[in-house]
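Structure file structure_38.txt (compact mmCIF, C-alpha atoms and all ligand atoms) is printed below.
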```txt
# COMPACT_ATOMS: atom_id res chain seq x y z
CA MET A 215 -18.07 11.81 9.52
CA ARG A 216 -20.75 12.99 7.10
CA ALA A 217 -20.76 16.41 8.78
CA VAL A 218 -16.96 16.59 8.46
CA ARG A 219 -17.10 15.61 4.81
CA ASP A 220 -19.82 18.13 4.07
CA GLU A 221 -17.84 20.85 5.75
CA LEU A 222 -14.61 20.01 3.90
CA ARG A 223 -16.26 19.57 0.48
CA GLY A 224 -13.47 17.36 -0.77
CA ALA A 225 -10.71 19.86 0.02
CA VAL A 226 -8.75 17.31 2.05
CA ALA A 227 -8.95 13.60 2.64
CA VAL A 228 -10.93 12.43 5.68
CA THR A 229 -9.06 9.67 7.48
CA ALA A 230 -9.35 7.93 10.82
CA LYS A 231 -6.59 6.45 12.95
CA LEU A 232 -8.00 3.17 14.23
CA ASN A 233 -6.55 0.90 16.89
CA MET A 234 -6.26 -2.68 15.61
CA THR A 235 -5.75 -3.78 19.21
CA ASP A 236 -5.02 -2.01 22.49
CA GLY A 237 -2.40 -4.62 23.42
CA VAL A 238 -3.99 -4.69 26.88
CA ARG A 239 -5.86 -7.56 28.54
CA GLY A 240 -9.59 -6.77 28.37
CA GLY A 241 -9.01 -3.99 25.83
CA LEU A 242 -9.97 -3.77 22.17
CA GLY A 243 -8.93 -6.86 20.23
CA VAL A 244 -8.44 -7.42 16.49
CA GLU A 245 -11.84 -9.08 15.91
CA GLU A 246 -13.71 -6.23 17.57
CA SER A 247 -11.62 -3.65 15.75
CA LEU A 248 -12.33 -5.38 12.43
CA ARG A 249 -16.05 -5.01 13.18
CA VAL A 250 -15.56 -1.31 13.82
CA ALA A 251 -13.56 -0.98 10.60
CA ARG A 252 -16.36 -2.66 8.64
CA TRP A 253 -18.91 -0.26 10.13
CA LEU A 254 -16.70 2.65 9.11
CA GLU A 255 -16.42 1.19 5.62
CA GLU A 256 -20.17 0.68 5.32
CA ASP A 257 -20.72 4.23 6.47
CA GLY A 258 -18.57 5.33 3.51
CA GLY A 259 -17.43 8.59 5.08
CA LEU A 260 -13.69 7.89 5.16
CA ASP A 261 -11.11 8.22 2.40
CA ALA A 262 -8.66 6.00 4.27
CA ILE A 263 -8.10 4.26 7.60
CA GLU A 264 -4.73 4.51 9.32
CA LEU A 265 -4.02 1.35 11.30
CA THR A 266 -2.42 1.78 14.69
CA ALA A 267 -2.22 -0.20 17.96
CA GLY A 268 -1.55 0.12 21.68
CA SER A 269 -2.70 2.22 24.58
CA SER A 270 -0.51 5.24 25.34
CA LEU A 271 -1.65 5.09 28.97
CA LEU A 272 -1.68 1.36 29.77
CA ASN A 273 0.88 -0.12 27.37
CA PRO A 274 2.68 2.67 25.50
CA MET A 275 5.54 0.66 24.02
CA TYR A 276 3.09 -1.63 22.23
CA LEU A 277 2.74 1.13 19.66
CA PHE A 278 6.25 2.51 19.70
CA ARG A 279 8.53 -0.56 20.01
CA GLY A 280 12.18 -0.16 20.95
CA ASP A 281 13.56 1.19 24.24
CA ALA A 282 11.24 2.46 26.99
CA PRO A 283 12.67 5.88 27.97
CA VAL A 284 12.10 5.34 31.69
CA LYS A 285 14.67 7.82 33.01
CA GLU A 286 13.36 10.61 30.79
CA PHE A 287 9.76 9.77 31.70
CA ALA A 288 10.59 9.82 35.40
CA ALA A 289 12.16 13.25 34.95
CA THR A 290 8.80 14.68 33.88
CA PHE A 291 7.31 13.87 37.34
CA ARG A 292 7.81 15.66 40.66
CA GLN A 293 9.22 13.81 43.65
CA PRO A 294 8.32 11.32 45.06
CA ALA A 295 6.61 10.08 41.86
CA ARG A 296 9.89 10.70 39.98
CA PHE A 297 11.71 8.30 42.28
CA VAL A 298 8.99 5.61 42.04
CA VAL A 299 8.71 5.80 38.24
CA GLY A 300 12.52 5.79 37.93
CA ARG A 301 12.84 2.65 40.11
CA LEU A 302 9.82 0.69 38.87
CA GLY A 303 9.54 2.01 35.33
CA LYS A 304 11.27 -0.91 33.59
CA ARG A 305 8.90 -3.29 35.38
CA LEU A 306 5.82 -1.16 34.73
CA ILE A 307 6.46 -0.35 31.09
CA ARG A 308 6.78 -3.47 28.99
CA GLU A 309 9.23 -3.26 26.07
CA TYR A 310 8.74 -4.79 22.63
CA PRO A 311 11.55 -5.21 20.08
CA TYR A 312 11.57 -2.77 17.17
CA GLN A 313 11.65 -3.84 13.54
CA ASP A 314 10.67 -1.97 10.36
CA GLY A 315 7.01 -2.41 9.43
CA TYR A 316 6.18 -3.93 12.82
CA LEU A 317 2.40 -3.51 12.47
CA LEU A 318 2.29 -5.18 9.04
CA GLU A 319 1.22 -8.61 10.24
CA LYS A 320 -1.86 -7.32 12.05
CA ALA A 321 -2.60 -4.79 9.31
CA ARG A 322 -2.78 -7.60 6.73
CA ARG A 323 -5.94 -8.87 8.44
CA PHE A 324 -7.58 -5.50 7.87
CA ARG A 325 -6.31 -5.34 4.30
CA ASP A 326 -7.80 -8.75 3.57
CA ALA A 327 -11.19 -7.76 5.03
CA LEU A 328 -11.63 -4.20 3.74
CA ARG A 329 -11.85 -2.28 0.48
CA THR A 330 -11.23 1.13 2.06
CA PRO A 331 -7.71 2.41 1.24
CA LEU A 332 -5.49 1.67 4.24
CA VAL A 333 -2.52 3.51 5.68
CA LEU A 334 0.29 1.33 7.01
CA LEU A 335 1.99 2.76 10.09
CA GLY A 336 4.72 1.58 12.42
CA GLY A 337 8.39 1.54 11.52
CA ILE A 338 8.06 3.00 8.03
CA THR A 339 11.46 4.58 7.70
CA ASP A 340 12.82 4.13 4.20
CA ARG A 341 11.99 3.39 0.58
CA ALA A 342 12.16 -0.38 1.14
CA SER A 343 9.50 -0.30 3.88
CA MET A 344 7.36 2.04 1.74
CA ASP A 345 7.67 -0.24 -1.29
CA LEU A 346 6.80 -3.25 0.82
CA ALA A 347 3.67 -1.50 2.11
CA MET A 348 2.62 -0.65 -1.47
CA ALA A 349 3.38 -4.15 -2.71
CA GLU A 350 1.32 -5.59 0.15
CA GLY A 351 -1.66 -3.60 -1.08
CA PHE A 352 -1.71 -0.64 1.30
CA ALA A 353 -2.61 2.65 -0.31
CA PHE A 354 -0.46 4.92 1.86
CA VAL A 355 2.18 4.87 4.55
CA ALA A 356 2.43 7.09 7.63
CA MET A 357 5.63 8.04 9.43
CA GLY A 358 5.99 9.26 13.00
CA ARG A 359 9.44 9.19 14.57
CA ALA A 360 11.43 9.08 11.35
CA LEU A 361 9.84 12.42 10.41
CA LEU A 362 10.40 13.85 13.85
CA ARG A 363 14.09 13.12 13.38
CA GLU A 364 14.18 14.37 9.77
CA PRO A 365 11.11 16.32 8.63
CA ASP A 366 12.40 16.32 5.03
CA LEU A 367 13.12 12.58 4.93
CA PRO A 368 10.49 11.84 2.21
CA ASN A 369 12.14 14.40 -0.05
CA ARG A 370 15.54 12.85 0.59
CA ILE A 371 14.17 9.42 -0.21
CA LYS A 372 12.58 10.85 -3.35
CA ALA A 373 15.96 12.27 -4.40
CA ASP A 374 17.84 9.08 -3.47
CA PRO A 375 15.82 5.89 -2.77
CA ALA A 376 18.75 4.44 -0.78
CA THR A 377 18.51 7.15 1.91
CA PRO A 378 18.35 5.56 5.40
CA SER A 379 16.48 7.11 8.34
CA LEU A 380 18.55 8.63 11.14
CA CYS A 381 15.95 7.72 13.81
CA VAL A 382 17.33 5.16 16.27
CA HIS A 383 13.99 4.27 17.94
CA ARG A 384 15.22 4.89 21.46
CA ASN A 385 11.99 6.84 21.99
CA ARG A 386 13.49 9.66 23.95
CA CYS A 387 11.15 11.98 22.08
CA MET A 388 8.17 10.45 23.91
CA PRO A 389 8.50 12.42 27.16
CA THR A 390 8.96 15.65 25.17
CA ILE A 391 5.22 15.69 24.45
CA TYR A 392 4.75 17.50 27.77
CA GLY A 393 6.91 20.47 26.80
CA GLY A 394 7.18 20.69 22.98
CA THR A 395 7.39 17.49 20.96
CA HIS A 396 10.74 17.06 19.26
CA CYS A 397 13.54 14.58 18.56
CA VAL A 398 16.13 14.98 21.34
CA PHE A 399 18.95 14.06 18.97
CA ASN A 400 18.20 17.09 16.86
CA ASP A 401 19.45 19.17 19.83
CA ILE A 402 22.88 17.54 19.66
CA ILE A 403 23.25 16.02 16.17
CA PRO A 404 21.66 18.34 13.61
CA ALA A 405 19.85 16.58 10.77
CA HIS A 406 20.75 17.67 7.24
CA PRO A 407 20.30 21.18 5.87
CA PRO A 408 16.88 21.50 4.22
CA LEU A 409 16.42 20.40 0.61
CA SER A 410 15.05 22.81 -1.96
CA VAL A 411 12.70 20.28 -3.65
CA PRO A 412 8.96 20.76 -2.97
CA ALA A 413 7.51 18.90 -0.01
CA VAL A 414 5.68 15.63 -0.68
CA THR A 415 4.42 15.13 2.87
CA ARG A 416 0.89 15.70 4.02
CA SER A 417 -0.26 16.07 7.58
CA SER A 418 -2.59 13.40 8.89
CA GLY A 419 -3.78 15.80 11.58
CA HIS A 420 -1.42 14.76 14.34
CA ASN A 421 2.24 14.02 14.80
CA GLY A 422 2.27 11.32 12.13
CA LEU A 423 2.55 12.37 8.50
CA ILE A 424 1.30 10.53 5.44
CA THR A 425 3.47 10.27 2.34
CA ARG A 426 1.99 9.82 -1.08
CA ARG A 427 3.23 6.94 -3.17
CA GLN A 428 6.22 7.57 -5.37
CA GLY A 429 6.95 7.02 -9.05
CA GLY A 430 4.73 7.34 -12.08
CA GLY A 431 4.45 9.06 -15.40
CA MET A 432 3.18 12.46 -14.31
CA ALA A 433 4.42 15.08 -11.86
CA ARG A 434 2.08 14.90 -8.89
CA THR A 435 0.61 17.91 -7.29
CA GLY A 436 -2.60 16.55 -5.98
CA THR A 437 -4.78 14.77 -3.53
CA ALA A 438 -4.07 12.17 -0.87
CA ARG A 439 -5.23 9.62 -3.44
CA GLY A 440 -2.19 10.49 -5.59
CA PHE A 441 -3.35 12.71 -8.49
CA THR A 442 -5.61 15.71 -8.82
CA ARG A 443 -8.93 15.27 -10.59
CA GLU A 444 -7.53 17.28 -13.53
CA GLU A 445 -4.45 15.06 -13.77
CA LEU A 446 -6.63 11.97 -13.78
CA GLU A 447 -8.98 13.43 -16.38
CA SER A 448 -6.11 14.32 -18.71
CA ALA A 449 -4.87 10.72 -18.42
CA ARG A 450 -7.85 9.66 -20.58
CA ASP A 451 -5.69 10.54 -23.59
CA VAL A 452 -2.76 8.45 -22.39
CA LEU A 453 -1.98 5.19 -24.15
CA LEU A 454 -0.34 2.83 -21.68
CA PRO A 455 2.32 0.84 -23.56
CA ASP A 456 2.44 -2.96 -23.32
CA VAL A 457 5.27 -4.61 -21.43
CA ILE A 458 5.91 -7.48 -23.79
CA ALA A 459 8.61 -9.67 -25.32
CA ASP A 460 8.64 -12.80 -27.47
CA ASP A 461 8.12 -16.25 -25.93
CA LEU A 462 7.05 -15.10 -22.45
CA ALA A 463 5.81 -17.73 -20.01
CA VAL A 464 2.71 -15.68 -19.09
CA LEU A 465 1.30 -12.58 -20.75
CA PHE A 466 -1.13 -10.95 -18.28
CA CYS A 467 -3.96 -9.06 -19.91
CA GLY A 468 -5.95 -6.43 -18.03
CA ILE A 469 -9.29 -5.15 -19.32
CA ASN A 470 -8.14 -1.60 -20.12
CA PRO A 471 -5.97 1.04 -18.39
CA GLY A 472 -7.65 2.89 -15.55
CA LEU A 473 -7.10 6.62 -15.10
CA TYR A 474 -4.69 6.12 -12.22
CA SER A 475 -2.49 3.58 -14.03
CA ALA A 476 -2.41 5.72 -17.18
CA ALA A 477 -1.48 8.79 -15.11
CA ALA A 478 1.24 6.80 -13.34
CA GLY A 479 2.44 5.29 -16.62
CA HIS A 480 2.46 1.77 -15.14
CA HIS A 481 0.19 -1.25 -15.14
CA PHE A 482 -2.10 -1.89 -12.15
CA ALA A 483 -0.80 1.20 -10.38
CA ARG A 484 -4.01 2.19 -8.60
CA PRO A 485 -3.66 1.92 -4.81
CA GLY A 486 -5.93 -0.85 -3.60
CA ASN A 487 -5.49 -2.96 -6.73
CA ARG A 488 -4.31 -6.40 -5.60
CA PHE A 489 -2.46 -7.45 -8.78
CA TRP A 490 1.06 -6.82 -7.50
CA PRO A 491 0.58 -8.37 -4.04
CA ALA A 492 -1.08 -11.43 -5.62
CA LEU A 493 1.76 -11.76 -8.15
CA HIS A 494 4.24 -11.80 -5.29
CA ARG A 495 2.32 -14.00 -2.87
CA SER A 496 1.69 -16.61 -5.54
CA GLY A 497 5.42 -16.92 -6.20
CA PHE A 498 5.52 -15.43 -9.74
CA ILE A 499 8.05 -12.84 -8.53
CA PRO A 500 10.76 -13.33 -5.91
CA ARG A 501 10.18 -10.11 -3.96
CA PRO A 502 7.45 -7.49 -3.55
CA MET A 503 7.50 -5.17 -6.56
CA ILE A 504 5.78 -1.90 -7.29
CA PRO A 505 4.03 -0.84 -10.53
CA ALA A 506 7.00 1.37 -11.46
CA GLN A 507 9.00 -1.86 -11.80
CA ASP A 508 6.67 -3.37 -14.40
CA GLY A 509 9.42 -3.06 -17.04
CA GLU A 510 11.48 -5.65 -15.12
CA LEU A 511 8.94 -8.43 -15.60
CA PRO A 512 9.94 -9.73 -19.07
CA ALA A 513 13.23 -10.81 -17.47
CA LEU A 514 11.09 -13.12 -15.30
CA GLY A 515 9.14 -14.42 -18.32
CA LEU A 516 6.10 -12.22 -17.61
CA GLY A 517 4.45 -9.36 -19.50
CA PHE A 518 1.39 -7.08 -19.61
CA THR A 519 -1.11 -5.95 -22.12
CA ASN A 520 -4.77 -4.89 -22.13
CA LEU A 521 -7.85 -6.10 -23.93
CA ALA A 522 -8.86 -2.56 -24.91
CA PRO A 523 -6.40 0.33 -25.20
CA ARG A 524 -8.85 3.11 -24.21
CA THR A 525 -8.21 4.60 -20.76
CA THR A 526 -11.37 4.97 -18.67
CA ALA A 527 -12.29 5.62 -15.04
CA ARG A 528 -14.07 2.25 -14.89
CA ALA A 529 -13.85 -0.81 -17.11
CA ALA A 530 -17.67 -0.77 -17.34
CA GLU A 531 -17.38 2.34 -19.56
CA LEU A 532 -16.12 0.12 -22.41
CA THR A 533 -18.63 -1.08 -24.97
CA ALA A 534 -19.04 -4.75 -25.89
CA ALA A 535 -17.83 -3.85 -29.41
CA GLU A 536 -14.61 -2.40 -27.99
CA LEU A 537 -14.00 -5.57 -26.01
CA ARG A 538 -14.61 -7.77 -29.06
CA GLU A 539 -12.29 -5.61 -31.19
CA GLY A 540 -9.76 -5.83 -28.35
CA ALA A 541 -9.94 -9.63 -28.45
CA GLU A 542 -9.16 -9.60 -32.18
CA GLU A 543 -6.16 -7.36 -31.63
CA LEU A 544 -5.09 -9.58 -28.72
CA HIS A 545 -5.18 -12.63 -31.00
CA ARG A 546 -2.81 -10.81 -33.39
CA LYS A 547 -0.50 -9.82 -30.53
CA VAL A 548 -0.42 -13.32 -29.10
CA ARG A 549 0.32 -14.89 -32.49
CA ALA A 550 3.15 -12.37 -33.00
CA HIS A 551 4.77 -12.83 -29.56
CA ARG A 552 3.83 -16.47 -28.76
CA PRO A 553 3.54 -16.41 -24.93
CA ARG A 554 2.97 -19.91 -23.46
CA TRP A 555 -0.03 -18.63 -21.48
CA LEU A 556 -2.35 -15.67 -21.86
CA ALA A 557 -3.95 -14.72 -18.52
CA VAL A 558 -6.99 -12.45 -18.87
CA LEU A 559 -7.78 -10.64 -15.63
CA GLY A 560 -11.56 -10.38 -15.46
CA VAL A 561 -14.04 -13.11 -16.24
CA THR A 562 -16.94 -10.85 -17.30
CA ALA A 563 -14.80 -8.96 -19.82
CA TYR A 564 -13.40 -12.26 -21.11
CA ARG A 565 -16.90 -13.67 -21.67
CA THR A 566 -17.92 -10.65 -23.75
CA ALA A 567 -14.65 -10.20 -25.61
CA PHE A 568 -14.21 -13.86 -26.55
CA GLY A 569 -17.91 -14.67 -27.02
CA ALA A 570 -17.75 -17.29 -24.27
CA PRO A 571 -20.73 -16.56 -22.00
CA ARG A 572 -20.16 -19.64 -19.85
CA ALA A 573 -16.42 -19.11 -19.25
CA ALA A 574 -15.30 -19.42 -15.63
CA VAL A 575 -12.07 -18.62 -13.82
CA GLY A 576 -9.37 -21.13 -14.83
CA PRO A 577 -8.03 -22.65 -18.09
CA GLN A 578 -9.96 -21.95 -21.33
CA GLU A 579 -10.50 -23.63 -24.64
CA PRO A 580 -9.61 -23.12 -27.41
CA SER A 581 -5.96 -22.05 -27.50
CA ILE A 582 -4.65 -19.19 -29.63
CA GLY A 583 -2.08 -20.97 -31.78
CA GLU A 584 0.32 -22.52 -29.27
CA THR A 585 -0.81 -20.15 -26.50
CA ARG A 586 -3.14 -21.52 -23.82
CA ALA A 587 -5.64 -19.08 -22.30
CA TRP A 588 -6.48 -18.76 -18.60
CA VAL A 589 -8.97 -16.44 -16.89
CA LEU A 590 -8.08 -14.91 -13.54
CA PRO A 591 -10.41 -12.87 -11.32
CA SER A 592 -10.08 -9.13 -11.69
CA PRO A 593 -7.64 -7.86 -9.02
CA SER A 594 -9.40 -4.47 -8.92
CA GLY A 595 -10.38 -3.27 -5.46
CA LEU A 596 -13.95 -3.14 -6.82
CA ASN A 597 -13.94 -6.94 -7.06
CA ALA A 598 -14.01 -7.30 -3.27
CA HIS A 599 -15.75 -10.66 -3.64
CA PHE A 600 -12.27 -12.07 -4.30
CA THR A 601 -10.10 -11.39 -1.26
CA LEU A 602 -6.33 -11.25 -1.62
CA PRO A 603 -5.87 -14.84 -0.33
CA ALA A 604 -8.49 -16.07 -2.84
CA LEU A 605 -6.79 -14.15 -5.68
CA THR A 606 -3.42 -15.53 -4.61
CA GLU A 607 -4.81 -19.06 -4.79
CA GLN A 608 -5.98 -18.48 -8.38
CA PHE A 609 -2.66 -16.90 -9.41
CA THR A 610 -0.85 -19.87 -7.85
CA ARG A 611 -2.95 -22.35 -9.87
CA LEU A 612 -1.86 -20.60 -13.06
CA ARG A 613 1.80 -20.47 -12.00
CA VAL A 614 1.79 -24.21 -11.32
CA ALA A 615 -0.01 -24.97 -14.61
CA ALA A 616 2.56 -22.82 -16.45
CA GLY A 617 5.34 -24.90 -14.88
CA LEU A 618 6.94 -21.85 -13.27
CA PRO A 619 8.92 -22.29 -10.03
CA ASP A 620 7.72 -20.80 -6.75
CA ARG A 621 10.09 -17.83 -6.74
CA LEU A 622 9.37 -17.17 -3.06
CA THR A 623 11.23 -20.34 -2.15
CA THR A 624 13.68 -20.91 -5.00
C1 LIG B 1 6.69 12.14 20.39
C2 LIG B 1 5.51 11.52 19.75
C3 LIG B 1 4.26 12.09 19.88
C4 LIG B 1 3.13 11.52 19.29
N1 LIG B 1 1.92 12.09 19.40
C5 LIG B 1 0.85 11.55 18.78
C6 LIG B 1 -0.44 12.16 18.85
O1 LIG B 1 -0.61 13.20 19.45
N2 LIG B 1 -1.47 11.56 18.22
C7 LIG B 1 -1.30 10.40 17.52
O2 LIG B 1 -2.27 9.87 16.95
N3 LIG B 1 -0.10 9.80 17.43
C8 LIG B 1 0.97 10.34 18.04
N4 LIG B 1 2.18 9.74 17.96
C9 LIG B 1 2.28 8.43 17.29
C10 LIG B 1 2.73 8.53 15.85
O3 LIG B 1 1.78 9.22 15.07
C11 LIG B 1 2.92 7.12 15.27
O4 LIG B 1 1.66 6.46 15.33
C12 LIG B 1 3.94 6.28 16.03
O5 LIG B 1 5.08 7.06 16.32
C13 LIG B 1 4.34 5.02 15.26
O6 LIG B 1 4.87 5.34 14.01
P1 LIG B 1 6.47 5.35 13.71
O7 LIG B 1 6.99 3.94 13.90
O8 LIG B 1 6.59 5.83 12.31
O9 LIG B 1 7.10 6.28 14.70
C14 LIG B 1 3.30 10.32 18.54
C15 LIG B 1 4.58 9.78 18.39
C16 LIG B 1 5.67 10.36 18.97
C17 LIG B 1 7.01 9.72 18.81
S1 LIG B 2 14.25 10.79 19.88
FE1 LIG B 2 14.63 11.09 17.73
S2 LIG B 2 15.91 9.37 17.10
FE2 LIG B 2 14.96 8.85 19.06
S3 LIG B 2 13.09 7.78 18.54
FE3 LIG B 2 12.55 9.91 18.77
S4 LIG B 2 12.69 10.73 16.73
FE4 LIG B 2 13.79 8.81 16.71
```
Show the structure stored in the file as structure tokens.
Amino acid sequence: MRAVRDELRGAVAVTAKLNMTDGVRGGLGVEESLRVARWLEEDGGLDAIELTAGSSLLNPMYLFRGDAPVKEFAATFRQPARFVVGRLGKRLIREYPYQDGYLLEKARRFRDALRTPLVLLGGITDRASMDLAMAEGFAFVAMGRALLREPDLPNRIKADPATPSLCVHRNRCMPTIYGGTHCVFNDIIPAHPPLSVPAVTRSSGHNGLITRRQGGGMARTGTARGFTREELESARDVLLPDVIADDLAVLFCGINPGLYSAAAGHHFARPGNRFWPALHRSGFIPRPMIPAQDGELPALGLGFTNLAPRTTARAAELTAAELREGAEELHRKVRAHRPRWLAVLGVTAYRTAFGAPRAAVGPQEPSIGETRAWVLPSPSGLNAHFTLPALTEQFTRLRVAAGLPDRLTT
């Protein structure tokens, strides 16, 4: 991987497609694959890991899901193999039901264990499945069949988020790999005429394509991580506005805007940040949401601000004086808007800003007027010590203390 990186000199992202399990008795299982993933992470040579599953030889439908195209497979053999495969195929090739995002459950285990940006694959077909992947904390999504059916689908979704995929997951494209991979329905039902908007897809080096995440405050032209270095650098001048209203139940307070969030124009927008998944899993919000929806939160009694307004690549770039000034400004803001709870996301920054060197995660004394303070762990991907389940537990404690209902169940 090092040799590949050195050769590419940052021109493109280096990713690996890793089996989470072969889906075959005696094959690679999730625990073993997690070990491999950790080695890859420790090695540090990858920009992202794309999570796949199945063995195309021994259990092909474990990856694809949906109908096994036995007749079409048989047709690729000569007699007598054609006859045998045609007769026994349904018994030899096990079928699994298709549903959007079908690898998500397994992929969550990798997400919880790794800091490397992850690519969710398997039944990503529309904006809803993309948004779910982002809200679950995956950095990217990859599409296979949906793109084979409609190569410009990401652009259509970009133009109209309600666009459905035309792929029917009958898998009749599978046997075409022997003579020119294509969607067989494109021979008889043409997909749409091409759009004139610029492409947003990026090849992952095989038949799957990776789409970059959507939304944000800046037109994106850049890297697989979302923005070019220049775009991120110019975001240092961006002031990310608060999302605030009077009398909120909880005002969340980050340390300061990171380059990615400032470039996107939304709070906690950096892929790999666990704020949004934790907010959902802890029942603060009724459905997965993406950073571009941060403006919807005051309607749920929630808001965002930051301790320090200055945008930096890392929170550690802030000085102690900036944090202390930020705390003074925060006091003013809290007194003006009177949230019931102020939740500061980052215990180290809280200790410095509020002059409370012994503060720990949880409720704090004293209050700011009527507003109680609470410290949550930083949801940044750099704070890997707190896994997503551990973060969710802390968010849930706050939700319960704030007397808010579990919106996942109500
Ligand atoms: C016809 C066809 C050919 C494929 N060829 C490859 C391949 O050469 N290498 C690979 O890693 N994946 C290959 N895939 C798998 C896709 O990249 C992807 O992992 C799979 O289709 C699941 O994603 P989907 O649900 O979006 O289709 C192929 C898929 C199809 C349908
Ligand atoms: S043949 Fe076309 S519609 Fe059918 S699964 Fe393949 S890409 Fe989708």
(message) Given all atoms listed in the file as the basis, pick out the residue of A:Ala353, A:Ala373, A:Ala360, A:Val226 nearest to ligand LIG 1 (chain B).
(response) A:Ala360
(request) Give the answer as one residue: which of A:Ala529, A:Ala459, A:Val558, A:Ala476 has the shortest atom-to-atom distance to Glu510 (chain A), using all atoms listed in the file? (result) A:Ala459
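For ligand LIG 1 (chain B), the protein and nucleic acid residues at most 6 Å away, judged by only C-alpha atoms and all ligand atoms, amount to Phe278, Leu335, Gly336, Gly337, Ile338, Met357, Gly358, Arg359, Ala360, Cys387, Met388, Ile391, Thr395, His420, Asn421 and Gly422 of chain A.
Distances here use all atoms listed in the file; by that measure, the residue among A:Pro389, A:Cys467, A:Arg370, A:Arg341 closest to Ala288 (chain A) is A:Pro389.
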(request) Check which residues fall inside 7 Å of ligand LIG 2 (chain B) when counting only C-alpha atoms and all ligand atoms, and print them as a ChimeraX atom specification. (result) /A:359-360,362-363,380-388,397-399
(request) Would you mind listing what lies within 10 Å of Ala574 (chain A) as a list in words, with all atoms listed in the file counted and same-chain residues fewer than 3 positions away left out? (result) Gly560, Val561, Thr562, Tyr564, Arg565, Ala570, Pro571, Pro577, Gln578, Trp588, Val589, Leu590 and Pro591 of chain A
(message) Here is a test: counting only C-alpha atoms, which residue of A:Val250, A:Val298, A:Ile307, A:Met234 is nearest to Met275 (chain A)?
(response) A:Ile307
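From CA of Thr229 (chain A) back to CA of Pro471 (chain A), the distance works out to 27.4 Å.
Atom pair CA of Thr266 (chain A) / CA of Glu309 (chain A) has a distance of 17.0 Å (rounded to one decimal).
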